[in-house]
$ cat start27.csv   # CSV, C-alpha atoms
chain,number,residue,atom,x,y,z
A,1,MET,CA,80.9,98.1,88.6
A,2,PRO,CA,82.4,99.9,85.7
A,3,ASN,CA,85.9,98.5,86.1
A,4,GLN,CA,86.4,94.8,86.7
A,5,PHE,CA,89.8,93.3,87.5
A,6,GLN,CA,91.0,89.8,87.0
A,7,SER,CA,91.9,88.1,90.2
A,8,ASN,CA,95.3,86.6,89.4
A,9,ILE,CA,97.1,89.6,87.9
A,10,PRO,CA,98.4,92.6,89.9
A,11,ILE,CA,95.9,95.4,89.7
A,12,TYR,CA,98.6,97.9,88.6
A,13,LEU,CA,99.5,95.8,85.6
A,14,GLN,CA,95.8,95.6,84.6
A,15,LEU,CA,95.6,99.4,84.9
A,16,VAL,CA,98.7,99.7,82.7
A,17,HIS,CA,97.0,97.5,80.1
A,18,LYS,CA,93.8,99.6,80.2
A,19,PHE,CA,95.8,102.8,79.7
A,20,LYS,CA,97.8,101.3,76.8
A,21,HIS,CA,94.6,100.3,75.2
A,22,ARG,CA,93.1,103.8,75.6
A,23,ILE,CA,96.2,105.4,74.3
A,24,VAL,CA,96.6,103.3,71.1
A,25,SER,CA,92.9,103.4,70.3
A,26,GLY,CA,93.1,107.2,70.4
A,27,GLU,CA,90.6,107.5,73.3
A,28,LEU,CA,93.4,109.3,75.1
A,29,LYS,CA,95.0,111.6,72.6
A,30,ALA,CA,98.7,112.1,72.0
A,31,GLY,CA,100.0,115.0,74.0
A,32,SER,CA,96.8,115.4,76.1
A,33,LYS,CA,96.9,115.9,79.9
A,34,LEU,CA,96.0,113.1,82.3
A,35,GLU,CA,93.8,113.6,85.3
A,36,SER,CA,95.5,113.6,88.7
A,37,VAL,CA,96.4,110.4,90.4
A,38,ARG,CA,93.7,111.0,93.0
A,39,ASP,CA,91.0,111.6,90.3
A,40,LEU,CA,92.1,108.6,88.4
A,41,ALA,CA,92.1,106.5,91.5
A,42,ILE,CA,88.6,107.5,92.3
A,43,ARG,CA,87.5,106.9,88.7
A,44,PHE,CA,88.9,103.4,88.6
A,45,GLU,CA,88.1,102.8,92.3
A,46,VAL,CA,91.6,101.7,93.2
A,47,ASN,CA,94.2,102.6,95.8
A,48,PRO,CA,96.1,105.8,94.9
A,49,ASN,CA,99.4,104.1,95.4
A,50,THR,CA,98.4,101.4,93.0
A,51,MET,CA,97.4,104.1,90.4
A,52,GLN,CA,100.7,105.8,91.0
A,53,ARG,CA,102.6,102.6,90.3
A,54,ALA,CA,100.7,102.1,87.1
A,55,LEU,CA,101.5,105.6,85.9
A,56,THR,CA,105.2,105.2,86.8
A,57,GLU,CA,105.2,102.0,84.7
A,58,LEU,CA,103.7,103.9,81.8
A,59,GLU,CA,106.3,106.6,82.2
A,60,ARG,CA,109.0,103.9,82.0
A,61,ASP,CA,107.4,102.6,78.8
A,62,GLY,CA,107.6,106.2,77.4
A,63,LEU,CA,103.9,106.4,76.8
A,64,VAL,CA,103.4,109.0,79.5
A,65,TYR,CA,105.6,111.8,80.7
A,66,ALA,CA,105.5,114.0,83.8
A,67,GLU,CA,106.1,117.7,83.8
A,68,ARG,CA,107.3,119.0,87.1
A,69,THR,CA,104.6,121.4,87.9
A,70,SER,CA,101.8,120.8,85.4
A,71,GLY,CA,101.1,117.1,85.8
A,72,ARG,CA,101.3,114.1,83.5
A,73,PHE,CA,100.7,113.9,79.7
A,74,ILE,CA,100.3,111.3,77.1
A,75,THR,CA,103.4,111.2,74.9
A,76,LYS,CA,103.5,113.3,71.7
A,77,ASP,CA,105.7,110.6,70.1
A,78,THR,CA,103.2,109.0,67.7
A,79,LYS,CA,105.8,106.6,66.5
A,80,ARG,CA,106.0,105.1,70.0
A,81,ILE,CA,102.3,104.9,70.2
A,82,HIS,CA,102.2,103.0,66.9
A,83,LYS,CA,104.8,100.7,68.1
A,84,MET,CA,102.8,100.0,71.2
A,85,ARG,CA,99.8,99.4,69.0
A,86,ASP,CA,101.7,96.7,67.1
A,87,THR,CA,102.9,95.1,70.3
A,88,LEU,CA,99.3,94.9,71.6
A,89,ALA,CA,98.1,93.4,68.3
A,90,GLU,CA,100.9,90.9,68.4
A,91,GLU,CA,99.8,89.8,71.9
A,92,ILE,CA,96.2,89.3,70.7
A,93,ILE,CA,97.3,87.3,67.7
A,94,GLU,CA,99.6,85.1,69.9
A,95,GLN,CA,96.6,84.5,72.2
A,96,PHE,CA,94.5,83.5,69.2
A,97,ILE,CA,97.0,81.1,67.8
A,98,LEU,CA,97.6,79.5,71.2
A,99,GLN,CA,93.9,79.1,71.9
A,100,MET,CA,93.2,77.6,68.5
A,101,LYS,CA,96.1,75.2,68.9
A,102,SER,CA,94.7,74.1,72.3
A,103,LEU,CA,91.4,73.3,70.5
A,104,GLY,CA,93.3,71.2,68.1
A,105,PHE,CA,93.3,73.3,65.0
A,106,SER,CA,96.3,73.4,62.7
A,107,ASN,CA,97.7,76.8,61.7
A,108,GLN,CA,96.2,76.3,58.2
A,109,GLU,CA,92.7,75.5,59.6
A,110,ALA,CA,92.9,78.4,62.0
A,111,MET,CA,93.9,80.7,59.2
A,112,GLU,CA,91.0,79.6,57.0
A,113,LEU,CA,88.4,80.1,59.8
A,114,PHE,CA,89.8,83.5,60.5
A,115,GLN,CA,89.7,84.4,56.8
A,116,ASN,CA,86.2,83.1,56.5
A,117,LYS,CA,84.9,85.1,59.4
A,118,ILE,CA,86.4,88.3,58.1
A,119,GLU,CA,84.9,87.8,54.6
A,120,LYS,CA,81.5,87.1,56.1
A,121,GLY,CA,81.8,90.2,58.2
A,122,MET,CA,82.7,92.2,55.2
A,123,ILE,CA,79.8,91.0,53.0
A,124,LYS,CA,77.5,92.1,55.8
B,1,MET,CA,105.4,104.8,98.4
B,2,SER,CA,108.7,106.0,99.6
B,3,GLN,CA,108.4,109.2,97.6
B,4,ILE,CA,105.2,110.0,99.5
B,5,ASN,CA,106.8,109.4,102.8
B,6,SER,CA,109.9,111.4,102.1
B,7,MET,CA,107.8,114.5,102.1
B,8,GLU,CA,107.1,113.9,105.8
B,9,SER,CA,109.4,116.1,107.8
B,10,ASN,CA,108.6,114.2,110.9
B,11,GLN,CA,111.4,112.4,112.7
B,12,THR,CA,109.5,109.2,112.6
B,13,ASN,CA,107.6,107.6,109.8
B,14,GLU,CA,105.9,105.2,112.0
B,15,LEU,CA,102.3,106.1,112.3
B,16,ILE,CA,101.3,103.0,114.2
B,17,LYS,CA,103.9,100.9,116.1
B,18,ILE,CA,102.8,97.8,117.9
B,19,GLU,CA,105.3,95.6,119.7
B,20,ASN,CA,104.5,92.3,121.3
B,21,LEU,CA,100.9,93.1,121.9
B,22,SER,CA,98.9,90.5,123.7
B,23,LYS,CA,95.4,90.6,125.2
B,24,ARG,CA,93.4,87.9,127.0
B,25,TYR,CA,89.9,87.9,128.4
B,26,GLN,CA,90.0,85.6,131.4
B,27,LYS,CA,91.2,82.3,129.8
B,28,LYS,CA,90.7,83.3,126.2
B,29,GLN,CA,93.8,84.6,124.4
B,30,VAL,CA,92.4,87.2,122.0
B,31,LEU,CA,95.6,88.7,120.6
B,32,SER,CA,99.0,87.0,120.8
B,33,ASN,CA,102.2,88.7,120.2
B,34,ILE,CA,101.2,91.2,117.6
B,35,ASN,CA,104.0,93.2,115.9
B,36,LEU,CA,102.9,95.8,113.4
B,37,THR,CA,104.4,99.0,111.9
B,38,LEU,CA,102.3,101.2,109.6
B,39,GLU,CA,103.5,104.3,107.8
B,40,PRO,CA,101.4,107.3,106.6
B,41,GLY,CA,100.0,107.2,103.1
B,42,HIS,CA,98.4,103.8,102.9
B,43,ILE,CA,94.9,102.2,102.9
B,44,VAL,CA,95.3,99.1,104.9
B,45,GLY,CA,92.8,96.3,105.1
B,46,LEU,CA,92.5,94.4,108.4
B,47,LEU,CA,91.0,91.1,107.4
B,48,GLY,CA,89.9,88.1,109.5
B,49,PRO,CA,86.8,86.1,110.3
B,50,ASN,CA,84.6,86.8,113.2
B,51,GLY,CA,86.3,86.3,116.5
B,52,SER,CA,89.8,86.7,115.1
B,53,GLY,CA,90.6,89.8,117.2
B,54,LYS,CA,90.0,92.6,114.7
B,55,THR,CA,87.7,94.7,116.9
B,56,THR,CA,89.8,94.1,120.0
B,57,LEU,CA,92.9,95.4,118.1
B,58,ILE,CA,90.9,98.4,117.0
B,59,LYS,CA,89.6,99.1,120.5
B,60,ILE,CA,93.2,99.0,121.8
B,61,LEU,CA,94.3,101.5,119.1
B,62,THR,CA,91.4,103.8,119.9
B,63,GLY,CA,91.9,103.7,123.7
B,64,ILE,CA,88.7,101.9,124.5
B,65,ILE,CA,90.5,98.9,125.9
B,66,LYS,CA,93.2,100.1,128.2
B,67,GLU,CA,94.5,96.8,129.7
B,68,TYR,CA,96.9,94.8,127.6
B,69,ASN,CA,100.5,93.6,127.4
B,70,GLY,CA,103.0,95.1,125.0
B,71,SER,CA,103.6,98.5,123.6
B,72,VAL,CA,101.3,100.5,121.3
B,73,THR,CA,102.1,104.0,119.9
B,74,ILE,CA,100.5,106.2,117.3
B,75,HIS,CA,102.8,108.9,115.8
B,76,GLY,CA,105.2,108.3,118.7
B,77,ASN,CA,102.6,108.8,121.5
B,78,VAL,CA,101.2,106.2,123.9
B,79,ILE,CA,97.5,105.8,123.5
B,80,GLY,CA,95.7,108.6,125.3
B,81,PRO,CA,94.3,112.1,124.7
B,82,ALA,CA,97.2,112.9,122.4
B,83,THR,CA,96.4,110.0,120.1
B,84,LYS,CA,92.7,110.5,120.3
B,85,ALA,CA,93.2,113.9,118.7
B,86,LEU,CA,95.0,112.2,115.8
B,87,VAL,CA,92.6,109.3,115.2
B,88,SER,CA,89.2,109.5,113.6
B,89,TYR,CA,87.3,106.4,114.5
B,90,LEU,CA,84.2,104.7,113.0
B,91,PRO,CA,82.9,102.2,115.4
B,92,ASP,CA,81.1,99.1,114.2
B,93,ASN,CA,77.8,100.1,115.8
B,94,SER,CA,75.9,103.3,115.9
B,95,TYR,CA,76.4,105.7,118.8
B,96,PHE,CA,73.6,108.2,118.2
B,97,SER,CA,71.0,109.0,120.9
B,98,LYS,CA,67.4,108.7,120.0
B,99,TRP,CA,66.7,112.4,120.1
B,100,MET,CA,69.5,113.4,117.7
B,101,ASN,CA,69.3,114.8,114.2
B,102,PRO,CA,72.3,115.3,111.9
B,103,LEU,CA,72.6,118.9,112.9
B,104,ASP,CA,72.9,118.0,116.6
B,105,VAL,CA,75.6,115.4,115.8
B,106,ILE,CA,77.5,117.9,113.6
B,107,SER,CA,77.5,120.5,116.4
B,108,ILE,CA,78.8,117.9,118.8
B,109,PHE,CA,81.6,117.0,116.4
B,110,LYS,CA,82.4,120.6,116.0
B,111,ASP,CA,82.8,121.0,119.7
B,112,PHE,CA,84.9,117.9,120.2
B,113,TYR,CA,87.2,118.0,117.2
B,114,SER,CA,88.9,121.1,116.0
B,115,ASP,CA,89.8,119.3,112.8
B,116,PHE,CA,86.2,118.6,111.8
B,117,ASP,CA,85.1,120.2,108.5
B,118,GLU,CA,81.5,121.2,109.2
B,119,ASN,CA,80.9,122.8,105.8
B,120,LYS,CA,82.0,119.7,103.9
B,121,CYS,CA,79.7,117.6,106.0
B,122,LEU,CA,76.7,119.9,105.4
B,123,GLU,CA,77.4,119.9,101.7
B,124,MET,CA,77.5,116.2,101.7
B,125,LEU,CA,74.2,116.0,103.5
B,126,ARG,CA,72.7,118.1,100.7
B,127,ARG,CA,74.2,115.9,98.1
B,128,LEU,CA,72.8,112.8,99.8
B,129,GLY,CA,69.4,114.5,99.9
B,130,LEU,CA,69.3,114.1,103.7
B,131,ASN,CA,67.1,116.4,105.8
B,132,PRO,CA,69.5,117.7,108.5
B,133,LYS,CA,66.6,118.0,110.9
B,134,GLN,CA,65.2,114.5,110.5
B,135,LYS,CA,65.7,112.3,113.5
B,136,ILE,CA,68.5,109.8,112.9
B,137,THR,CA,66.3,107.0,114.2
B,138,GLN,CA,64.0,107.6,111.3
B,139,MET,CA,66.7,107.3,108.7
B,140,SER,CA,67.4,104.1,106.8
B,141,LYS,CA,70.3,101.9,107.9
B,142,GLY,CA,72.2,102.7,104.7
B,143,MET,CA,71.7,106.4,105.2
B,144,ILE,CA,72.9,106.3,108.8
B,145,GLU,CA,76.0,104.4,107.7
B,146,ARG,CA,76.8,107.0,105.0
B,147,PHE,CA,76.2,109.9,107.5
B,148,GLN,CA,78.5,108.3,110.1
B,149,LEU,CA,81.2,107.7,107.5
B,150,CYS,CA,81.0,111.4,106.5
B,151,LEU,CA,81.5,112.5,110.1
B,152,VAL,CA,84.6,110.4,110.4
B,153,MET,CA,86.1,111.2,107.0
B,154,PHE,CA,85.5,114.9,107.2
B,155,ARG,CA,87.9,115.2,110.1
B,156,ASN,CA,91.5,116.1,109.1
B,157,ALA,CA,93.1,113.2,111.0
B,158,LYS,CA,96.4,111.3,110.8
B,159,LEU,CA,94.8,108.0,111.1
B,160,TYR,CA,91.3,106.9,110.2
B,161,ILE,CA,90.2,103.7,111.8
B,162,LEU,CA,87.1,102.2,110.2
B,163,ASP,CA,85.6,99.1,111.9
B,164,GLU,CA,83.4,97.4,109.3
B,165,PRO,CA,82.3,100.5,107.4
B,166,LEU,CA,80.5,98.2,104.9
B,167,GLY,CA,78.0,96.7,107.3
B,168,GLY,CA,74.8,95.5,105.8
B,169,ILE,CA,74.7,97.8,102.9
B,170,ASP,CA,73.5,97.8,99.3
B,171,PRO,CA,75.8,98.2,96.3
B,172,ALA,CA,74.9,101.9,95.9
B,173,SER,CA,75.9,102.6,99.4
B,174,ARG,CA,79.0,100.6,98.9
B,175,ASP,CA,80.1,102.7,96.0
B,176,PHE,CA,79.3,105.9,97.9
B,177,ILE,CA,81.4,104.7,100.8
B,178,LEU,CA,84.4,103.7,98.7
B,179,ASP,CA,84.2,107.0,96.8
B,180,THR,CA,84.1,108.9,100.0
B,181,ILE,CA,87.1,107.1,101.4
B,182,LEU,CA,89.1,107.6,98.2
B,183,THR,CA,88.1,111.2,97.8
B,184,ASN,CA,89.1,112.2,101.3
B,185,TYR,CA,92.2,110.1,101.6
B,186,ASN,CA,95.3,112.2,101.8
B,187,GLU,CA,99.0,111.2,101.5
B,188,ASP,CA,99.9,112.2,105.0
B,189,ALA,CA,97.3,110.0,106.6
B,190,THR,CA,96.6,106.3,106.7
B,191,ILE,CA,93.3,104.5,106.6
B,192,PHE,CA,93.1,101.3,108.7
B,193,MET,CA,89.9,99.4,107.9
B,194,SER,CA,88.5,96.1,109.0
B,195,THR,CA,86.1,94.2,106.7
B,196,HIS,CA,84.9,90.8,105.9
B,197,LEU,CA,83.5,91.8,102.5
B,198,ILE,CA,86.9,91.4,100.8
B,199,SER,CA,86.1,90.9,97.1
B,200,ASP,CA,84.2,94.2,96.8
B,201,VAL,CA,86.9,96.4,98.4
B,202,GLU,CA,90.3,94.8,98.1
B,203,ARG,CA,91.1,97.1,95.1
B,204,ILE,CA,91.2,100.1,97.4
B,205,PHE,CA,93.8,98.6,99.7
B,206,ASP,CA,97.5,98.7,99.1
B,207,THR,CA,98.3,96.6,102.1
B,208,VAL,CA,96.4,93.8,103.8
B,209,ILE,CA,96.8,92.1,107.1
B,210,PHE,CA,95.3,88.7,107.8
B,211,LEU,CA,94.4,88.1,111.5
B,212,LYS,CA,93.8,84.6,112.5
B,213,ASP,CA,93.0,83.5,116.1
B,214,GLY,CA,94.6,86.6,117.4
B,215,GLU,CA,97.8,86.4,115.3
B,216,ILE,CA,99.0,88.2,112.2
B,217,VAL,CA,99.5,85.4,109.7
B,218,LEU,CA,100.2,87.7,106.7
B,219,GLN,CA,101.0,91.3,106.0
B,220,ASP,CA,101.8,92.3,102.4
B,221,ASP,CA,101.3,94.6,99.5
B,222,ILE,CA,98.2,93.4,97.5
B,223,ASP,CA,99.9,93.4,94.1
B,224,ASN,CA,102.7,91.3,95.6
B,225,ILE,CA,100.2,88.8,96.8
B,226,ARG,CA,98.5,88.7,93.4
B,227,SER,CA,101.8,88.2,91.6
B,228,SER,CA,103.3,85.7,94.0
B,229,GLU,CA,100.1,83.7,94.7
B,230,GLY,CA,98.3,84.2,91.4
B,231,LYS,CA,95.2,84.9,93.4
B,232,SER,CA,93.0,87.8,94.5
B,233,ILE,CA,93.1,88.7,98.2
B,234,ASP,CA,89.6,87.3,98.5
B,235,GLN,CA,90.6,83.9,97.1
B,236,LEU,CA,93.7,83.7,99.3
B,237,PHE,CA,91.6,84.7,102.3
B,238,ARG,CA,89.2,81.8,101.6
B,239,GLU,CA,92.1,79.4,101.6
B,240,VAL,CA,93.8,80.6,104.7
B,241,PHE,CA,90.5,80.6,106.7
B,242,LYS,CA,88.9,77.5,105.3
B,243,CYS,CA,86.9,75.8,107.9
$ encode --input "start27.csv" --output "structure tokens"
Amino acid sequence: MPNQFQSNIPIYLQLVHKFKHRIVSGELKAGSKLESVRDLAIRFEVNPNTMQRALTELERDGLVYAERTSGRFITKDTKRIHKMRDTLAEEIIEQFILQMKSLGFSNQEAMELFQNKIEKGMIK
Amino acid sequence: MSQINSMESNQTNELIKIENLSKRYQKKQVLSNINLTLEPGHIVGLLGPNGSGKTTLIKILTGIIKEYNGSVTIHGNVIGPATKALVSYLPDNSYFSKWMNPLDVISIFKDFYSDFDENKCLEMLRRLGLNPKQKITQMSKGMIERFQLCLVMFRNAKLYILDEPLGGIDPASRDFILDTILTNYNEDATIFMSTHLISDVERIFDTVIFLKDGEIVLQDDIDNIRSSEGKSIDQLFREVFKC
């Protein structure tokens, strides 16, 4: 299956997250048109009402806007997209710190390991 | 959901209305005091282990079982010819005769149901690579299931009742069946579908109903369940029905 969902989180929230990721990564371009709810529901193999709910949530976040007759579009507001990118990055970093902490690493140690990994990656 | 329903100009938004429905076979109580209201525009999962009353409930809705206590209406009509015209039903077993090929069945459907889209069905046969003149008895089980689903989904009905559409099928058939359901779903209709293969299909439901020993023990929106229970429908099902 192309699209897996975690079991303990509402599906619409997982869809919202997938879309945010696709928008900030540029896979979905600013100002571009989204497929219809039905087509998106088929693509992600989810209930159309669930997809509708996810898109409504994205509209509320200002990442997507609807035009009465022509459908839904990704926002043209690149500032907003950058802001969302920062928010997502922050979430990932928070996760990293929490998980390192739970393994017993101090911030200092975690930082060093992180630095190390990046440098190694860059030599290669 | 309400924005979909508000488009309905109909006086009632109740597609299915069941009140105090009970059914017993001799001494065995199969359904007890079922109350259920479903609106158009949903894909509803009817979930329960074998013997929980799923098929009995479906047979009452489709007019196959006529004796029961309580009140059951579809789109405001008591079960009968009027509701049969509104309901497209996929039974849990095959009803084809030995001599039939897909073209025979399609012509029967055309005669019986004015809302049947013959062209869509023929087109789908082509896409499936099915020979319309091959006897159905010679087709594989998965193919028969796909064909049967096409027949049911290519009617333009108000209510689709699918009794275990994912019988003993392989993953490719499963994907085909889910895609066919989602592609042909429309906002004015509701799909009411029983299954015991929950983990594979729960994502296409918006509402699920748990049936246990003939009683509804849960009816809720799937994402409500996920956020309030922190579990998938499949996980919750396994807990509720633990032996």
$ interface_residues --input "start27.csv" --of "chain B" --to "chain A" --cutoff "12 Å" --atoms "only C-alpha atoms" --output "number ranges by chain"
B: 1-5, 40-45, 171-172, 174-187, 190-191, 199-207, 221-236
$ write_last_selection --input "start27.csv" --atoms "C-alpha atoms" --output "JSON list (two decimals), in the coordinates of the input"
[["chain", "number", "residue", "atom", "x", "y", "z"],
["B", 1, "MET", "CA", 105.40, 104.80, 98.40],
["B", 2, "SER", "CA", 108.70, 106.00, 99.60],
["B", 3, "GLN", "CA", 108.40, 109.20, 97.60],
["B", 4, "ILE", "CA", 105.20, 110.00, 99.50],
["B", 5, "ASN", "CA", 106.80, 109.40, 102.80],
["B", 40, "PRO", "CA", 101.40, 107.30, 106.60],
["B", 41, "GLY", "CA", 100.00, 107.20, 103.10],
["B", 42, "HIS", "CA", 98.40, 103.80, 102.90],
["B", 43, "ILE", "CA", 94.90, 102.20, 102.90],
["B", 44, "VAL", "CA", 95.30, 99.10, 104.90],
["B", 45, "GLY", "CA", 92.80, 96.30, 105.10],
["B", 171, "PRO", "CA", 75.80, 98.20, 96.30],
["B", 172, "ALA", "CA", 74.90, 101.90, 95.90],
["B", 174, "ARG", "CA", 79.00, 100.60, 98.90],
["B", 175, "ASP", "CA", 80.10, 102.70, 96.00],
["B", 176, "PHE", "CA", 79.30, 105.90, 97.90],
["B", 177, "ILE", "CA", 81.40, 104.70, 100.80],
["B", 178, "LEU", "CA", 84.40, 103.70, 98.70],
["B", 179, "ASP", "CA", 84.20, 107.00, 96.80],
["B", 180, "THR", "CA", 84.10, 108.90, 100.00],
["B", 181, "ILE", "CA", 87.10, 107.10, 101.40],
["B", 182, "LEU", "CA", 89.10, 107.60, 98.20],
["B", 183, "THR", "CA", 88.10, 111.20, 97.80],
["B", 184, "ASN", "CA", 89.10, 112.20, 101.30],
["B", 185, "TYR", "CA", 92.20, 110.10, 101.60],
["B", 186, "ASN", "CA", 95.30, 112.20, 101.80],
["B", 187, "GLU", "CA", 99.00, 111.20, 101.50],
["B", 190, "THR", "CA", 96.60, 106.30, 106.70],
["B", 191, "ILE", "CA", 93.30, 104.50, 106.60],
["B", 199, "SER", "CA", 86.10, 90.90, 97.10],
["B", 200, "ASP", "CA", 84.20, 94.20, 96.80],
["B", 201, "VAL", "CA", 86.90, 96.40, 98.40],
["B", 202, "GLU", "CA", 90.30, 94.80, 98.10],
["B", 203, "ARG", "CA", 91.10, 97.10, 95.10],
["B", 204, "ILE", "CA", 91.20, 100.10, 97.40],
["B", 205, "PHE", "CA", 93.80, 98.60, 99.70],
["B", 206, "ASP", "CA", 97.50, 98.70, 99.10],
["B", 207, "THR", "CA", 98.30, 96.60, 102.10],
["B", 221, "ASP", "CA", 101.30, 94.60, 99.50],
["B", 222, "ILE", "CA", 98.20, 93.40, 97.50],
["B", 223, "ASP", "CA", 99.90, 93.40, 94.10],
["B", 224, "ASN", "CA", 102.70, 91.30, 95.60],
["B", 225, "ILE", "CA", 100.20, 88.80, 96.80],
["B", 226, "ARG", "CA", 98.50, 88.70, 93.40],
["B", 227, "SER", "CA", 101.80, 88.20, 91.60],
["B", 228, "SER", "CA", 103.30, 85.70, 94.00],
["B", 229, "GLU", "CA", 100.10, 83.70, 94.70],
["B", 230, "GLY", "CA", 98.30, 84.20, 91.40],
["B", 231, "LYS", "CA", 95.20, 84.90, 93.40],
["B", 232, "SER", "CA", 93.00, 87.80, 94.50],
["B", 233, "ILE", "CA", 93.10, 88.70, 98.20],
["B", 234, "ASP", "CA", 89.60, 87.30, 98.50],
["B", 235, "GLN", "CA", 90.60, 83.90, 97.10],
["B", 236, "LEU", "CA", 93.70, 83.70, 99.30]]
$ residues_around --input "start27.csv" --residues "Leu149 in chain B" --least-positions-apart "5" --cutoff "12 Å" --atoms "only C-alpha atoms" --output "MDAnalysis selection string"
chainID B and resid 88:94 121 124:125 142:144 154:155 160:167 173:174 176:181 184
$ atom_distance --input "start27.csv" --atom1 "CA of Glu109 in chain A" --atom2 "CA of Leu88 in chain A"
23.7 Å
$ residues_around --input "start27.csv" --residues "Asn33 in chain B" --least-positions-apart "3" --cutoff "7 Å" --atoms "all atoms listed in the file" --output "number ranges by chain"
B: 20-22, 215
$ residues_around --input "start27.csv" --residues "Lys20 in chain A" --least-positions-apart "4" --cutoff "8 Å" --atoms "all atoms listed in the file" --output "list in words"
Val16, Val24, Leu63 and Met84 of chain A
$ residues_near_point --input "start27.csv" --point "(104.5, 105.9, 67.1)" --cutoff "12 Å" --atoms "all atoms listed in the file" --output "ChimeraX atom specification"
/A:23-24,26,30,62-63,75-87
$ write_last_selection --input "start27.csv" --atoms "C-alpha atoms" --output "mmCIF file, keeping the file's coordinate frame"
data_model
loop_
_atom_site.group_PDB
_atom_site.id
_atom_site.type_symbol
_atom_site.label_atom_id
_atom_site.label_comp_id
_atom_site.auth_asym_id
_atom_site.auth_seq_id
_atom_site.Cartn_x
_atom_site.Cartn_y
_atom_site.Cartn_z
ATOM 1 C CA ILE A 23 96.200 105.400 74.300
ATOM 2 C CA VAL A 24 96.600 103.300 71.100
ATOM 3 C CA GLY A 26 93.100 107.200 70.400
ATOM 4 C CA ALA A 30 98.700 112.100 72.000
ATOM 5 C CA GLY A 62 107.600 106.200 77.400
ATOM 6 C CA LEU A 63 103.900 106.400 76.800
ATOM 7 C CA THR A 75 103.400 111.200 74.900
ATOM 8 C CA LYS A 76 103.500 113.300 71.700
ATOM 9 C CA ASP A 77 105.700 110.600 70.100
ATOM 10 C CA THR A 78 103.200 109.000 67.700
ATOM 11 C CA LYS A 79 105.800 106.600 66.500
ATOM 12 C CA ARG A 80 106.000 105.100 70.000
ATOM 13 C CA ILE A 81 102.300 104.900 70.200
ATOM 14 C CA HIS A 82 102.200 103.000 66.900
ATOM 15 C CA LYS A 83 104.800 100.700 68.100
ATOM 16 C CA MET A 84 102.800 100.000 71.200
ATOM 17 C CA ARG A 85 99.800 99.400 69.000
ATOM 18 C CA ASP A 86 101.700 96.700 67.100
ATOM 19 C CA THR A 87 102.900 95.100 70.300
#
$ residues_near_point --input "start27.csv" --point "(100.0, 112.1, 80.9)" --cutoff "6 Å" --atoms "all atoms listed in the file" --output "list of chain:residue names"
A:Lys33, A:Leu34, A:Val64, A:Tyr65, A:Arg72, A:Phe73, A:Ile74
$ build_atoms --input "start27.csv" --residues "range 143-152 of chain B" --atoms "N, CA, C and O atoms" --output "compact mmCIF listing (two decimals), in the coordinates of the input"
# COMPACT_ATOMS: atom_id res chain seq x y z
N MET B 143 71.51 105.02 105.06
CA MET B 143 71.70 106.40 105.20
C MET B 143 72.54 106.74 106.48
O MET B 143 73.44 107.59 106.47
N ILE B 144 72.19 106.05 107.57
CA ILE B 144 72.90 106.30 108.80
C ILE B 144 74.40 105.92 108.61
O ILE B 144 75.29 106.66 109.04
N GLU B 145 74.65 104.82 107.91
CA GLU B 145 76.00 104.40 107.70
C GLU B 145 76.79 105.48 106.85
O GLU B 145 77.94 105.80 107.13
N ARG B 146 76.10 106.02 105.84
CA ARG B 146 76.80 107.00 105.00
C ARG B 146 77.04 108.29 105.86
O ARG B 146 78.12 108.88 105.76
N PHE B 147 76.07 108.68 106.65
CA PHE B 147 76.20 109.90 107.50
C PHE B 147 77.40 109.69 108.46
O PHE B 147 78.26 110.57 108.62
N GLN B 148 77.43 108.53 109.09
CA GLN B 148 78.50 108.30 110.10
C GLN B 148 79.88 108.29 109.41
O GLN B 148 80.84 108.81 109.97
N LEU B 149 79.94 107.74 108.19
CA LEU B 149 81.20 107.70 107.50
C LEU B 149 81.65 109.18 107.18
O LEU B 149 82.82 109.52 107.30
N CYS B 150 80.67 110.01 106.76
CA CYS B 150 81.00 111.40 106.50
C CYS B 150 81.59 112.10 107.70
O CYS B 150 82.59 112.81 107.60
N LEU B 151 80.98 111.88 108.83
CA LEU B 151 81.50 112.50 110.10
C LEU B 151 82.94 112.14 110.29
O LEU B 151 83.76 112.99 110.61
N VAL B 152 83.24 110.87 110.09
CA VAL B 152 84.60 110.40 110.40
C VAL B 152 85.58 110.88 109.33
O VAL B 152 86.69 111.33 109.65
